[in-house]
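To be precise, the following lines are target.cif, and they hold mmCIF, C-alpha atoms.
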data_input
#
loop_
_atom_site.label_atom_id
_atom_site.label_comp_id
_atom_site.auth_asym_id
_atom_site.auth_seq_id
_atom_site.Cartn_x
_atom_site.Cartn_y
_atom_site.Cartn_z
CA MET A 1297 -25.32 12.73 13.94
CA ASN A 1298 -26.05 10.04 16.50
CA ARG A 1299 -28.51 7.16 16.04
CA GLY A 1300 -31.37 9.14 17.63
CA GLU A 1301 -30.78 12.09 15.30
CA LEU A 1302 -30.38 9.72 12.36
CA LYS A 1303 -33.68 8.03 13.22
CA SER A 1304 -35.56 11.29 13.78
CA SER A 1305 -34.20 12.79 10.55
CA GLY A 1306 -35.84 10.04 8.50
CA LEU A 1307 -32.48 8.91 7.11
CA LEU A 1308 -32.16 5.61 8.95
CA LEU A 1309 -34.60 3.65 6.78
CA PRO A 1310 -33.13 4.80 3.43
CA ALA A 1311 -29.61 4.23 4.76
CA LEU A 1312 -30.52 0.68 5.79
CA LEU A 1313 -32.36 -0.04 2.55
CA VAL A 1314 -29.35 0.88 0.41
CA THR A 1315 -27.52 -1.86 2.27
CA VAL A 1316 -30.18 -4.50 2.78
CA ILE A 1317 -31.45 -4.60 -0.82
CA PRO A 1318 -28.03 -5.17 -2.45
CA ALA A 1319 -27.04 -7.64 0.29
CA ALA A 1320 -30.28 -9.59 -0.18
CA ALA A 1321 -29.80 -9.64 -3.96
CA THR A 1322 -26.22 -10.86 -3.62
CA ILE A 1323 -27.09 -13.55 -1.08
CA LEU A 1324 -30.07 -14.70 -3.14
CA ALA A 1325 -27.98 -14.89 -6.33
CA ILE A 1326 -25.26 -16.86 -4.52
CA LEU A 1327 -27.74 -19.27 -2.96
CA LEU A 1328 -29.53 -19.80 -6.27
CA GLY A 1329 -26.26 -20.06 -8.18
CA ASN A 1330 -27.98 -17.89 -10.80
CA VAL A 1331 -25.31 -16.52 -13.15
CA LEU A 1332 -27.58 -13.83 -14.62
CA ILE A 1333 -28.64 -12.36 -11.26
CA LEU A 1334 -25.09 -12.67 -9.94
CA ASP A 1335 -23.71 -10.95 -13.03
CA TYR A 1336 -26.22 -8.10 -12.78
CA ASP A 1337 -25.59 -7.78 -9.07
CA HIS A 1338 -21.81 -7.70 -9.49
CA VAL A 1339 -21.82 -5.27 -12.42
CA LEU A 1340 -24.50 -2.91 -11.08
CA LEU A 1341 -23.09 -2.74 -7.56
CA GLY A 1342 -19.62 -2.22 -8.99
CA ALA A 1343 -20.87 0.52 -11.34
CA ILE A 1344 -22.72 2.33 -8.56
CA TRP A 1345 -19.75 1.99 -6.20
CA THR A 1346 -17.34 3.28 -8.86
CA GLY A 1347 -19.77 6.07 -9.77
CA ILE A 1348 -19.97 7.23 -6.16
CA ASP A 1349 -16.17 7.22 -5.93
CA VAL A 1350 -15.88 9.21 -9.17
CA PHE A 1351 -18.49 11.68 -7.90
CA PHE A 1352 -16.78 12.13 -4.52
CA GLY A 1353 -13.24 12.07 -5.86
CA LEU A 1354 -13.59 14.15 -9.00
CA ILE A 1355 -16.67 16.32 -8.61
CA PHE A 1356 -17.60 16.72 -4.97
CA ARG A 1357 -14.10 17.79 -3.88
CA PHE A 1358 -14.44 21.00 -5.90
CA ILE A 1359 -17.99 21.69 -4.79
CA PHE A 1360 -17.46 21.03 -1.08
CA ARG A 1361 -14.63 23.49 -0.60
CA GLU A 1362 -16.79 26.33 -1.95
CA LEU A 1363 -19.70 25.71 0.44
CA SER A 1364 -20.34 27.74 3.59
CA VAL A 1365 -19.58 26.15 6.95
CA GLU A 1366 -23.28 25.63 7.71
CA THR A 1367 -23.93 24.08 4.30
CA ARG A 1368 -20.92 21.75 4.68
CA GLN A 1369 -22.27 20.55 8.03
CA THR A 1370 -25.76 20.04 6.59
CA VAL A 1371 -24.43 18.17 3.56
CA ALA A 1372 -22.27 15.97 5.78
CA ASN A 1373 -25.18 15.17 8.09
CA ARG A 1374 -27.56 14.35 5.23
CA MET A 1375 -25.20 12.46 2.93
CA LEU A 1376 -23.03 10.43 5.27
CA PRO A 1377 -25.60 8.08 6.83
CA ALA A 1378 -26.35 6.37 3.52
CA THR A 1379 -22.68 6.53 2.55
CA LEU A 1380 -21.67 4.89 5.82
CA PHE A 1381 -23.98 1.99 5.11
CA PHE A 1382 -23.72 1.59 1.34
CA LEU A 1383 -20.01 2.01 0.58
CA PRO A 1384 -18.73 -0.63 3.00
CA ALA A 1385 -21.50 -3.00 1.92
CA SER A 1386 -20.81 -2.50 -1.79
CA SER A 1387 -17.05 -2.81 -1.27
CA ILE A 1388 -17.64 -6.26 0.21
CA LEU A 1389 -20.60 -7.42 -1.89
CA THR A 1390 -19.15 -6.48 -5.29
CA PRO A 1391 -15.98 -8.60 -4.96
CA LEU A 1392 -17.95 -11.37 -3.23
CA ALA A 1393 -20.40 -11.56 -6.12
CA GLY A 1394 -17.48 -11.43 -8.57
CA TYR A 1395 -15.72 -14.28 -6.79
CA TYR A 1396 -18.81 -16.50 -6.88
CA LEU A 1397 -19.48 -15.51 -10.49
CA ALA A 1398 -15.92 -16.43 -11.51
CA ASN A 1399 -16.22 -19.77 -9.70
CA ILE A 1400 -19.56 -20.59 -11.33
CA GLU A 1401 -18.16 -19.68 -14.75
CA GLY A 1402 -14.99 -21.70 -14.09
CA ILE A 1403 -12.58 -18.82 -14.66
CA TRP A 1404 -11.22 -18.55 -11.11
CA SER A 1405 -7.65 -19.73 -11.12
CA LEU A 1406 -5.15 -18.79 -8.42
CA GLY A 1407 -1.68 -18.52 -9.86
CA ASN A 1408 -2.99 -16.82 -12.98
CA PRO A 1409 -1.23 -13.41 -13.03
CA ILE A 1410 -4.45 -11.58 -13.96
CA VAL A 1411 -6.41 -13.28 -11.17
CA ASP A 1412 -3.63 -12.54 -8.70
CA ALA A 1413 -3.57 -8.89 -9.81
CA VAL A 1414 -7.37 -8.67 -9.43
CA ILE A 1415 -7.08 -10.04 -5.88
CA VAL A 1416 -4.34 -7.58 -4.91
CA VAL A 1417 -6.05 -4.53 -6.46
CA THR A 1418 -9.40 -5.53 -4.92
CA ALA A 1419 -7.80 -5.82 -1.48
CA VAL A 1420 -6.19 -2.38 -1.87
CA VAL A 1421 -9.46 -0.83 -3.08
CA VAL A 1422 -11.45 -2.28 -0.17
CA ALA A 1423 -8.76 -1.33 2.37
CA THR A 1424 -8.57 2.21 0.97
CA GLY A 1425 -12.32 2.58 1.37
CA PHE A 1426 -12.32 1.40 4.96
CA ILE A 1427 -9.23 3.34 5.98
CA THR A 1428 -10.22 6.65 4.40
CA ILE A 1429 -13.86 6.90 3.39
CA PHE A 1430 -15.56 4.77 6.03
CA TYR A 1431 -13.39 5.83 8.96
CA GLN A 1432 -13.56 9.56 8.26
CA SER A 1433 -17.30 9.37 7.47
CA LEU A 1434 -17.88 7.55 10.74
CA LEU A 1435 -16.02 10.24 12.68
CA ILE A 1436 -18.13 12.94 11.03
CA ALA A 1437 -21.35 11.01 11.61
CA ILE A 1438 -20.67 10.50 15.32
CA GLY A 1439 -19.75 14.16 15.69
CA LYS A 1440 -16.03 14.06 16.43
CA GLY A 1441 -14.93 17.67 16.03
CA GLU A 1442 -18.50 18.77 15.33
CA GLY A 1443 -18.68 22.48 14.77
CA ASP A 1444 -15.00 22.79 13.90
CA ASP A 1445 -14.82 23.64 10.20
CA ALA A 1446 -11.10 22.81 9.96
CA ILE A 1447 -11.73 19.28 11.24
CA LEU A 1448 -14.74 18.83 8.95
CA ARG A 1449 -12.70 20.04 5.95
CA ARG A 1450 -9.84 17.69 6.84
CA ARG A 1451 -12.17 14.72 7.20
CA PHE A 1452 -13.83 15.47 3.85
CA TYR A 1453 -10.37 15.92 2.32
CA TRP A 1454 -9.57 12.34 3.36
CA ILE A 1455 -12.95 11.10 2.09
CA VAL A 1456 -12.69 12.71 -1.36
CA ASN A 1457 -9.04 11.76 -1.81
CA GLY A 1458 -9.78 8.20 -0.68
CA ALA A 1459 -12.66 8.12 -3.16
CA PHE A 1460 -10.40 9.53 -5.89
CA LEU A 1461 -7.78 6.83 -5.25
CA GLN A 1462 -10.52 4.18 -5.19
CA ALA A 1463 -11.95 5.45 -8.48
CA ILE A 1464 -8.53 5.18 -10.17
CA LEU A 1465 -7.94 1.71 -8.72
CA GLN A 1466 -11.45 0.58 -9.64
CA ILE A 1467 -10.99 1.68 -13.25
CA GLY A 1468 -7.77 -0.35 -13.30
CA LEU A 1469 -9.58 -3.27 -11.70
CA ILE A 1470 -12.41 -3.09 -14.23
CA SER A 1471 -9.82 -3.09 -17.00
CA LEU A 1472 -8.10 -6.17 -15.54
CA MET A 1473 -11.41 -8.01 -15.16
CA ALA A 1474 -12.52 -7.13 -18.69
CA TYR A 1475 -9.19 -8.37 -20.05
CA TRP A 1476 -9.48 -11.54 -17.95
CA VAL A 1477 -13.03 -12.35 -19.06
CA VAL A 1478 -12.38 -11.63 -22.75
CA TYR A 1479 -8.94 -13.29 -23.07
CA GLN A 1480 -9.13 -16.11 -20.52
#

Turn this file's structure into structure tokens for me.
Amino acid sequence: MNRGELKSSGLLLPALLVTVIPAAATILAILLGNVLILDYDHVLLGAIWTGIDVFFGLIFRFIFRELSVETRQTVANRMLPATLFFLPASSILTPLAGYYLANIEGIWSLGNPIVDAVIVVTAVVVATGFITIFYQSLLIAIGKGEGDDAILRRRFYWIVNGAFLQAILQIGLISLMAYWVVYQ
């Protein structure tokens, strides 16, 4: 689906809104230094991002392989525009909000093994999303291999497995952060 098709399908505005609204909330919270807004932003974006990864990685993988070729193509064309915008944005905004939140609350401390682990796992989670989910989604959205069901299946295989890996890593990351905040 190219930009013209995306625009004519009515998906461009919703796809942009799912990026602009969280980005504006994060930037506003950072500029205001408001802990409450920053905390809500970080937690809600992280929950939505993790939820999408759980959905793709655990649920959608079983549904997608049972769909007809035409339905797979339709689902890909309708779902991926928003995914292409939101997932990269949330994978950057969530850790960014968390970093500022930790600084404001005075719990950011390099050299702390938990903080170092959070940094490493966050980097792996973000990289996994860009390498698998974003890249394969982008190829589908721009029509590489369009019409070839084997290519579409392979691309979605990478997307759902990338999402599955991200979901597991995010659950570990959430556990590390909860431990850090409670026992700092």

**Request:** Have a look at A:Phe1358, A:Trp1476, A:Val1365, A:Ser1387 and name the one nearest to Ala1419 (chain A); count all atoms listed in the file.
**Result:**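 So, comparing all the options, the nearest one is A:Ser1387.
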
**Request:** Can you pull out every residue within 10 Å of region 1339-1355 of chain A, counting all atoms listed in the file, but drop anything in the same chain fewer than 6 positions away, and send it as an MDAnalysis selection string?
**Result:** chainID A and resid 1318 1322 1333 1379 1382:1387 1389:1391 1393:1394 1425 1429 1452:1467 1470

**Expansion of the PyMOL selection byres ((chain A and resi 1325) around 12) into residues, as a list in words** =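 Selected by the PyMOL selection byres ((chain A and resi 1325) around 12) in this file: Pro1318, Ala1319, Ala1320, Ala1321, Thr1322, Ile1323, Leu1324, Ile1326, Leu1327, Leu1328, Gly1329, Asn1330, Val1331, Leu1332, Ile1333, Leu1334, Asp1335, Tyr1336, Asp1337, His1338, Leu1389, Leu1392, Ala1393, Gly1394, Tyr1396, Leu1397 and Ile1400 of chain A.
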
**Message:** As an exercise, work out the distance from CA of Thr1428 (chain A) to CA of Arg1361 (chain A) in Å and give it to one decimal place.
**Reply:**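 Answer for the CA of Thr1428 (chain A) to CA of Arg1361 (chain A) separation: 18.1 Å.
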
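Distance-wise, CA of Val1417 (chain A) and CA of Leu1313 (chain A) end up 28.2 Å apart.
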
**Asked** Restricting the calculation to only C-alpha atoms, which member of A:Val1414, A:Ser1405, A:Gln1369, A:Phe1381 is positioned closest to Tyr1475 (chain A)?
**Response**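 With only C-alpha atoms as the atom set, the closest residue is A:Val1414.
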
**Prompt:** Skipping near chain neighbours, those fewer than 2 positions away, what residues fall within 12 Å of Met1375 (chain A) using all atoms listed in the file, listed as a PyMOL selection string?
**Reply:** chain A and resi 1297+1302+1305+1307-1308+1310-1311+1348+1352+1356+1367-1373+1377-1383+1433-1434+1436-1437+1452

Distance query 10 Å from (-4.8, -7.1, -12.9) using all atoms listed in the file, result as a PDB file with C-alpha atoms, keeping the file's coordinate frame:
ATOM      1  CA  ASN A1408      -2.990 -16.820 -12.980  1.00  0.00           C
ATOM      2  CA  PRO A1409      -1.230 -13.410 -13.030  1.00  0.00           C
ATOM      3  CA  ILE A1410      -4.450 -11.580 -13.960  1.00  0.00           C
ATOM      4  CA  VAL A1411      -6.410 -13.280 -11.170  1.00  0.00           C
ATOM      5  CA  ASP A1412      -3.630 -12.540  -8.700  1.00  0.00           C
ATOM      6  CA  ALA A1413      -3.570  -8.890  -9.810  1.00  0.00           C
ATOM      7  CA  VAL A1414      -7.370  -8.670  -9.430  1.00  0.00           C
ATOM      8  CA  ILE A1415      -7.080 -10.040  -5.880  1.00  0.00           C
ATOM      9  CA  VAL A1416      -4.340  -7.580  -4.910  1.00  0.00           C
ATOM     10  CA  VAL A1417      -6.050  -4.530  -6.460  1.00  0.00           C
ATOM     11  CA  THR A1418      -9.400  -5.530  -4.920  1.00  0.00           C
ATOM     12  CA  GLY A1468      -7.770  -0.350 -13.300  1.00  0.00           C
ATOM     13  CA  LEU A1469      -9.580  -3.270 -11.700  1.00  0.00           C
ATOM     14  CA  ILE A1470     -12.410  -3.090 -14.230  1.00  0.00           C
ATOM     15  CA  SER A1471      -9.820  -3.090 -17.000  1.00  0.00           C
ATOM     16  CA  LEU A1472      -8.100  -6.170 -15.540  1.00  0.00           C
ATOM     17  CA  MET A1473     -11.410  -8.010 -15.160  1.00  0.00           C
ATOM     18  CA  ALA A1474     -12.520  -7.130 -18.690  1.00  0.00           C
ATOM     19  CA  TYR A1475      -9.190  -8.370 -20.050  1.00  0.00           C
ATOM     20  CA  TRP A1476      -9.480 -11.540 -17.950  1.00  0.00           C
TER      21      TRP A1476
END

**Item:** Residue nearest Gln1480 (chain A) - candidates A:Val1316, A:Ile1403, A:Ala1398, A:Glu1366, atoms counted: only C-alpha atoms
**Value:** A:Ile1403

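Counting all atoms listed in the file, the residue from A:Ile1388, A:Ala1446, A:Val1314, A:Asn1399 that sits nearest to Phe1426 (chain A) is A:Ile1388.
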